[in-house]
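Just upload.tsv here, TSV, C-alpha atoms:
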chain	number	residue	atom	x	y	z
A	1097	MET	CA	-12.73	6.33	28.08
A	1098	LYS	CA	-10.14	7.38	25.51
A	1099	THR	CA	-9.27	11.00	24.79
A	1100	PRO	CA	-9.62	12.20	21.18
A	1101	PHE	CA	-6.55	13.24	19.19
A	1102	ARG	CA	-5.53	16.87	19.54
A	1103	GLN	CA	-3.99	19.47	17.24
A	1104	GLN	CA	-0.80	21.31	18.12
A	1105	ILE	CA	-1.32	24.82	19.51
A	1106	SER	CA	1.79	26.47	18.06
A	1107	GLU	CA	4.13	26.06	15.10
A	1108	TYR	CA	6.61	24.05	17.18
A	1109	ASP	CA	4.87	21.67	19.60
A	1110	CYS	CA	4.34	18.72	17.22
A	1111	VAL	CA	6.46	16.39	19.40
A	1112	PRO	CA	4.62	16.79	22.73
A	1113	THR	CA	1.28	16.80	20.89
A	1114	THR	CA	2.18	13.61	19.00
A	1115	PHE	CA	3.37	11.92	22.22
A	1116	LEU	CA	0.07	12.77	23.93
A	1117	ASN	CA	-1.87	11.50	20.90
A	1118	ALA	CA	0.12	8.26	21.02
A	1119	LEU	CA	-0.76	7.75	24.68
A	1120	SER	CA	-4.44	8.59	24.11
A	1121	TYR	CA	-4.47	5.94	21.36
A	1122	LEU	CA	-2.80	3.27	23.50
A	1123	PHE	CA	-4.39	3.91	26.92
A	1124	GLU	CA	-7.62	4.91	28.58
A	1125	ARG	CA	-7.55	8.44	30.01
A	1126	SER	CA	-7.66	7.09	33.59
A	1127	GLU	CA	-4.57	4.93	32.92
A	1128	ILE	CA	-2.24	7.83	31.98
A	1129	PRO	CA	-0.41	9.09	35.09
A	1130	PRO	CA	0.01	12.88	35.47
A	1131	LEU	CA	3.77	12.40	35.88
A	1132	VAL	CA	3.92	11.08	32.29
A	1133	VAL	CA	2.22	14.21	30.92
A	1134	GLN	CA	4.59	16.39	32.97
A	1135	ARG	CA	7.68	14.56	31.64
A	1136	ILE	CA	6.51	14.92	28.04
A	1137	TYR	CA	6.43	18.69	28.38
A	1138	LEU	CA	9.56	18.78	30.54
A	1139	TYR	CA	11.69	16.97	27.94
A	1140	SER	CA	10.14	18.54	24.82
A	1141	LEU	CA	10.77	21.90	23.11
A	1142	ASP	CA	14.46	21.80	24.02
A	1143	SER	CA	16.15	22.73	20.74
A	1144	MET	CA	18.68	25.56	20.85
A	1145	MET	CA	19.64	28.08	18.20
A	1146	SER	CA	23.26	28.94	17.42
A	1147	GLN	CA	22.88	32.12	19.52
A	1148	ARG	CA	22.10	29.89	22.54
A	1149	THR	CA	18.48	30.94	22.62
A	1150	MET	CA	15.49	28.63	22.54
A	1151	GLY	CA	15.00	27.09	19.14
A	1152	HIS	CA	12.02	25.87	17.29
A	1153	GLY	CA	10.90	22.46	18.39
A	1154	THR	CA	12.26	19.32	19.98
A	1155	SER	CA	15.58	17.60	19.38
A	1156	GLY	CA	15.99	13.93	18.50
A	1157	LEU	CA	17.93	13.51	21.74
A	1158	ALA	CA	14.91	14.64	23.74
A	1159	VAL	CA	12.67	12.18	21.86
A	1160	GLN	CA	15.15	9.39	22.63
A	1161	LEU	CA	15.42	10.37	26.32
A	1162	LEU	CA	11.67	10.52	26.69
A	1163	GLY	CA	11.30	7.13	25.01
A	1164	ASN	CA	13.85	5.63	27.42
A	1165	TRP	CA	12.11	7.18	30.41
A	1166	LEU	CA	8.68	5.96	29.28
A	1167	SER	CA	9.90	2.39	28.83
A	1168	GLY	CA	11.28	2.37	32.38
A	1169	TYR	CA	8.28	3.98	34.07
A	1170	LYS	CA	5.63	1.56	35.31
A	1171	HIS	CA	2.45	2.64	37.07
A	1172	GLY	CA	-0.51	0.26	37.32
A	1173	PRO	CA	-1.64	-0.58	33.77
A	1174	PHE	CA	0.69	2.05	32.29
A	1175	ARG	CA	3.59	0.08	30.79
A	1176	LEU	CA	5.31	0.76	27.49
A	1177	ASN	CA	7.97	-0.80	25.32
A	1178	THR	CA	9.77	1.79	23.20
A	1179	ASP	CA	12.36	1.55	20.45
A	1180	TYR	CA	14.16	4.65	19.18
A	1181	CYS	CA	15.35	4.00	15.63
A	1182	THR	CA	17.71	6.08	13.51
A	1183	GLY	CA	19.47	5.97	10.18
A	1184	ARG	CA	19.11	2.93	7.94
A	1185	GLY	CA	16.82	1.21	10.48
A	1186	VAL	CA	14.02	3.68	9.65
A	1187	HIS	CA	12.35	2.46	6.45
A	1188	LEU	CA	9.21	0.80	5.12
A	1189	ARG	CA	10.78	-1.85	2.95
A	1190	GLN	CA	10.47	-5.58	3.64
A	1191	SER	CA	10.99	-6.72	7.25
A	1192	ASN	CA	10.80	-3.23	8.76
A	1193	LYS	CA	10.29	-2.41	12.43
A	1194	ILE	CA	7.67	0.27	11.76
A	1195	SER	CA	5.17	-2.09	10.10
A	1196	LYS	CA	5.82	-4.77	12.71
A	1197	CYS	CA	5.04	-2.31	15.50
A	1198	LEU	CA	1.88	-0.97	13.81
A	1199	ASN	CA	0.63	-4.49	13.07
A	1200	SER	CA	1.08	-5.30	16.79
A	1201	LYS	CA	-1.30	-2.43	17.74
A	1202	GLY	CA	1.56	-0.05	18.49
A	1203	VAL	CA	2.22	3.42	17.10
A	1204	ALA	CA	5.17	5.19	15.49
A	1205	LEU	CA	6.27	8.77	16.07
A	1206	LEU	CA	7.80	9.58	12.68
A	1207	ARG	CA	9.98	12.56	11.85
A	1208	VAL	CA	9.16	13.74	8.32
A	1209	LYS	CA	10.03	16.67	6.13
A	1210	HIS	CA	7.55	19.52	6.49
A	1211	GLN	CA	6.87	22.95	5.09
A	1212	HIS	CA	9.68	25.47	4.61
A	1213	ASN	CA	12.33	22.73	4.79
A	1214	SER	CA	11.66	22.02	8.47
A	1215	TRP	CA	11.10	18.73	10.32
A	1216	HIS	CA	7.80	17.63	11.78
A	1217	TYR	CA	6.40	14.66	13.75
A	1218	VAL	CA	3.32	12.67	12.75
A	1219	LEU	CA	1.79	9.62	14.41
A	1220	GLY	CA	1.84	6.41	12.36
A	1221	LEU	CA	-1.25	4.30	13.10
A	1222	SER	CA	-1.51	1.57	10.48
A	1223	VAL	CA	0.05	0.40	7.24
A	1224	SER	CA	-1.26	-1.34	4.14
A	1225	ALA	CA	0.59	-2.64	1.09
A	1226	ASN	CA	1.02	0.88	-0.32
A	1227	TRP	CA	0.00	3.43	2.31
A	1228	LEU	CA	1.01	4.51	5.81
A	1229	TYR	CA	-1.98	5.96	7.67
A	1230	CYS	CA	-1.09	8.76	10.09
A	1231	TYR	CA	-2.45	11.50	12.27
A	1232	ASP	CA	-0.84	14.87	11.53
A	1233	PRO	CA	-1.42	17.34	14.41
A	1234	TYR	CA	-0.70	20.40	12.25
A	1235	THR	CA	-3.86	22.35	11.37
A	1236	ARG	CA	-4.04	23.59	7.79
A	1237	SER	CA	-6.34	26.18	6.30
A	1238	THR	CA	-5.94	24.45	2.93
A	1239	LYS	CA	-5.01	20.83	2.46
A	1240	SER	CA	-2.89	20.34	-0.63
A	1241	ASN	CA	-2.97	16.72	-1.70
A	1242	LYS	CA	-0.18	15.31	-3.87
A	1243	ARG	CA	-2.04	12.52	-5.64
A	1244	GLY	CA	-0.23	9.22	-5.32
A	1245	LYS	CA	2.25	10.69	-2.80
A	1246	TYR	CA	0.23	11.90	0.17
A	1247	GLU	CA	-3.39	12.73	0.73
A	1248	PHE	CA	-5.37	14.29	3.55
A	1249	ILE	CA	-8.39	12.18	4.37
A	1250	ALA	CA	-11.60	12.75	6.32
A	1251	GLU	CA	-11.36	11.56	9.91
A	1252	GLN	CA	-13.80	8.75	10.69
A	1253	GLY	CA	-13.60	8.84	14.50
A	1254	VAL	CA	-11.66	10.16	17.50
A	1255	HIS	CA	-8.58	8.06	16.72
A	1256	ALA	CA	-8.78	7.97	12.95
A	1257	PRO	CA	-5.97	8.98	10.59
A	1258	ASN	CA	-6.24	12.32	8.79
A	1259	LEU	CA	-3.37	11.68	6.37
A	1260	ARG	CA	-2.11	8.81	4.27
A	1261	ILE	CA	1.38	8.75	2.78
A	1262	ASN	CA	2.48	6.47	-0.02
A	1263	CYS	CA	5.10	4.11	1.45
A	1264	HIS	CA	7.41	4.46	-1.55
A	1265	TRP	CA	7.18	8.28	-1.42
A	1266	LEU	CA	7.87	8.31	2.32
A	1267	ASP	CA	10.90	6.06	1.90
A	1268	VAL	CA	12.67	7.97	-0.92
A	1269	LEU	CA	16.21	8.91	0.17
A	1270	SER	CA	15.70	12.66	-0.17
A	1271	ASN	CA	15.31	15.60	2.16
A	1272	ARG	CA	13.60	17.96	-0.26
A	1273	SER	CA	9.94	16.97	-0.29
A	1274	GLN	CA	7.12	17.08	2.22
A	1275	TYR	CA	6.24	13.88	4.10
A	1276	GLN	CA	9.49	12.06	3.38
A	1277	LEU	CA	11.78	10.51	6.00
A	1278	GLY	CA	14.90	12.15	4.55
A	1279	THR	CA	18.34	10.78	3.81
A	1280	SER	CA	19.66	7.78	5.75
A	1281	SER	CA	21.59	9.95	8.21
A	1282	GLU	CA	18.54	12.15	8.95
A	1283	ARG	CA	15.99	9.46	9.72
A	1284	GLU	CA	14.56	8.92	13.19
A	1285	CYS	CA	11.41	7.53	14.75
A	1286	LEU	CA	10.17	6.23	18.07
A	1287	LEU	CA	8.06	3.07	18.25
A	1288	LEU	CA	5.68	2.58	21.19
A	1289	GLU	CA	3.77	-0.54	22.18
A	1290	CYS	CA	1.85	-1.44	25.32
A	1291	ALA	CA	3.87	-3.83	27.47
A	1292	LYS	CA	2.33	-6.80	29.22
A	1293	PRO	CA	2.25	-6.57	33.04
Mind turning this structure into structure tokens?
Amino acid sequence: MKTPFRQQISEYDCVPTTFLNALSYLFERSEIPPLVVQRIYLYSLDSMMSQRTMGHGTSGLAVQLLGNWLSGYKHGPFRLNTDYCTGRGVHLRQSNKISKCLNSKGVALLRVKHQHNSWHYVLGLSVSANWLYCYDPYTRSTKSNKRGKYEFIAEQGVHAPNLRINCHWLDVLSNRSQYQLGTSSERECLLLECAKP
């Protein structure tokens, strides 16, 4: 049995929530070891403010460390291949790693621009010629669609996307608009695929 996607419970836990959604998409509930869930929360929510107090969210370094740990941890059927991508390697143009991963039944944890000029993680599930279909764990009281750029869509099942983003819009080299990957130096994502035993 697979666990349905979940929403984040605070303003800042998009990374652990998106990791857990990725695992619930890739594995049956009985195949996910408790140590994996513990490590997700242990490594997440690590960002620091300039006053050396806890910040708001999870750093890219923590996402990379967790990806490395997950690819090395093997327990029964739980085996993952991960690829942490940054910079110019994060795009949706021809011959991109994101589409290749999604077309191989993997998922992509994508860092995108969010409200109030902050960063946010969504889970990439599939891609078509023009659209990237995602699950956004952030609950909204109102869903403002930007026609032709991004649109919230009705979920059609426990692992269905609730958002689609135009691939061209997502890939614009800008850090000013919602649901864009940002400038080349700001881009990061983590690709996850089930590994063969």
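Here CA of Tyr1229 in chain A and CA of Asn1192 in chain A stand 15.8 Å from one another.
Nearest to Ser1214 in chain A of all the residues A:Gly1244, A:Gly1202, A:Gly1185, A:Gly1153 is A:Gly1153, based on only C-alpha atoms.
Closest approach to Val1254 in chain A from the set A:Lys1209, A:Arg1135, A:Lys1098, A:Lys1292 is made by A:Lys1098, with distances taken over all atoms listed in the file.
The gap separating CA of His1210 in chain A from CA of Thr1114 in chain A is 14.8 Å, in Å to one decimal.
When only C-alpha atoms are used to measure the gap to Pro1100 in chain A, the shortest distance among A:Ala1158, A:Leu1269, A:Ala1118, A:Leu1141 belongs to A:Ala1118.
Here CA of Leu1161 in chain A stands at a distance of 27.9 Å from CA of Asn1258 in chain A.
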Give the centre and edge lengths of an axis-aligned box, in Å to one decimal, that holds all listed atoms of range 1218-1224 of chain A with 5 Å on each side, as JSON.
{"center_x": 0.9, "center_y": 5.7, "center_z": 9.3, "size_x": 14.8, "size_y": 24.0, "size_z": 20.3}
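Checking A:Arg1260, A:His1152, A:Lys1201, A:His1216 one by one against Tyr1234 in chain A, counting all atoms listed in the file, you find the shortest gap at A:His1216.
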key: Nearest-residue call for Asn1199 in chain A, choices A:Glu1247, A:Glu1289, A:Asp1109, A:Asp1179, using all atoms listed in the file   = A:Glu1289
key: Long-range neighbours of Leu1286 in chain A as a ChimeraX atom specification, 12 Å cut-off, only C-alpha atoms, 6 positions minimum in chain   = /A:1111,1114-1115,1118,1156-1164,1166-1167,1176-1182,1185-1186,1193-1194,1197-1198,1202-1207,1217-1220
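Using all atoms listed in the file, the shortest contact distance between His1187 in chain A and any of A:Arg1236, A:His1264, A:Arg1272, A:Lys1242 is found at A:His1264.
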